[in-house]
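Visitor: Dropping the structure in here first, questions after.
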Amino acid sequence: MFDVPTTWSAFLRGDIGNWIGAFLTLAIFSILWKENPIYRWCEHIFVGSTSAYSVVTTFSSTIKTGVQTNMIQNGDWWEIIPICLGLLIYFQPFPGYRWISRFPTAYWVGYNAGMGLTIRTFMPLLTYARTSMLPLIVTTNGAFDLMASFNNTVFVGSLFLTLLYFFFSFDFIARQQWILSGGRWIVMLAFGASFGTTVMSRISLFLGRAEFLLGDWLGILPK
Amino acid sequence: MDIASLREGLASALGGWLATDANNRLGLTTVVFVIYYASCNAYWIFKARGNSPLRKLRRIAGLDAIDEAIGRCTEMGRPVLYNLGMDGLSSSTFASLAILSYVAIRVVRYDTRMITVTRYASVLPVAENTVRQSYVEGGKPDGFRIEDVRFLTSDQFGFASGILGITVRESVAANLMFGYYYAESLIFAEAGFESGAIQIAGTNNNSQTPFFIPACDYCLLGEELFAASAYLSKDRIRTATLVAQDLGKLFIAVLMGLGVIFTTFGSNVIQNLMTLF
């Protein structure tokens, strides 16, 4: 009935692997009917296996590289400092010593907050501002270009309405309902376009699973 | 003096201080903007420390609905699910943690259960401490249940699958999602919809907001997420930083407005000034 696999990876790639994959896929899809024990079982396998996988990949790509390559081979022994700092997080479960675990957390929070304030955060903002300075009246080869002028006017108008919508503390703007509703309309139009585009990409994800079920598993689709 | 010689002079004067490149000559403008923005922050924070009145913030419906959502959970005896988003300790997660703090205080006050979930182990201790602190401040330190602040897995869809299960099994009555979200946003929102939860979401990932809008009862748009902590807490210092943020936006808006006017009349003086160095 089945090809007999000779290795573990061949086992998972072969017919038996397809059956397991199909069962797990359908079990996860079964939530569309209702929450059920089979879904719950597969959900726990999914969460547990992905969690274990991330532990292994973190160990092999970060810890192993840090100790074996950077410290032992390259002699970067200073890396022991962040390792020790990271280990302090394991004081978390001990109520009497929990305060020690706050040091790496505080460092990490401070590091991320500081990174958010670097000049690199502001640079893209100003780049966008500069490239948004478009002329409202465009001439091409000395003649008035209606379409380009219309496009630029729509762009600049939408930009300013949206920007004004996101002012929170200016009473004048808050009182002008047309600005708020205008900004909201522009944002909603943009979101609608984005929704359509993204739904198309989500359908392609579903098609991938459908292809697996109908092709690899059931063999209905021609190869 | 023409623009080229001005640029040359600035390059020789500031070359050692400001790293910039020929394609992106925004170094000097960035410094001017950062100084202006920092000054606005400093001025308004200084003002907030005194007693002088600050500006009023405009209404944000999604944030007003948080109390209603928690009240509904209390009436129904079902838990609140608070999702901190899919990012590590980024700006959106900090904004979400500020909302979490507000929600946790309300939850303690109304004696309602709240399940908090995070995708990143690094966010877990911060979330734990935020919720624990709210229980301490609320006078119920023993009410804090560490198992209700959960890390599931860092895998995107593994996490989504876990949240889906929790939402349905725990029958949550309020699903609060604030932070950065990716493709799994609709999975969370659909699960909350199926369990009949009141849903409020906010993300600064503009490609995911369109999925929250149809599936949630209230949705924060873009930067409203970052205004939330000042809006909810009504803290004077936080409000001051929000006013400064608005002044920063005003600077950009005025700059762009001038740029558009000058460009329309055929002059690139604003762009040239912006790209001096």
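By convention here, the chains of the structure tokens are called A, B, ... in the order presented, each chain's residues are numbered starting at 1, and ligands are numbered starting at 1 in the order presented.
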Please determine the contact residues of chain A with respect to chain B at a cut-off of 6 Å, counting only C-alpha atoms, and supply them as a list in words.
Guide: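 Only these qualify: Phe46, Val47, Thr50, Ser51, Met133, Leu134, Pro135, Leu136, Ile137, Phe167, Phe168, Ser169, Ala174, Phe191 and Phe195 of chain A.
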Visitor: Residues at most 9 Å from Ser171 of chain B, counting only C-alpha atoms, excluding those fewer than 5 positions away in the same chain, as a PDB file with C-alpha atoms, in the first residue's frame?
Guide:
ATOM      1  CA  ARG B  78     -16.418  36.001  31.353  1.00  0.00           C
ATOM      2  CA  PRO B  79     -12.762  37.009  30.948  1.00  0.00           C
ATOM      3  CA  ILE B 166      -7.998  30.304  24.109  1.00  0.00           C
ATOM      4  CA  GLY B 192     -13.300  36.931  18.895  1.00  0.00           C
ATOM      5  CA  SER B 195     -17.095  33.811  20.574  1.00  0.00           C
ATOM      6  CA  GLY B 196     -19.351  36.884  20.639  1.00  0.00           C
ATOM      7  CA  ALA B 197     -16.762  39.148  22.225  1.00  0.00           C
TER       8      ALA B 197
END
Visitor: Using only C-alpha atoms, which of B:Asn204, B:Thr116, B:Gln199, B:Ser52 sits nearest Ala65 of chain B?
Guide: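 The shortest atom-to-atom distance to Ala65 of chain B comes from B:Gln199.
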Visitor: What is the distance, in Å and to one decimal place, between atom CA of Leu176 of chain B and atom CA of Glu137 of chain B?
Guide: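 Taking atom CA of Leu176 of chain B and atom CA of Glu137 of chain B, their separation equals 21.9 Å.
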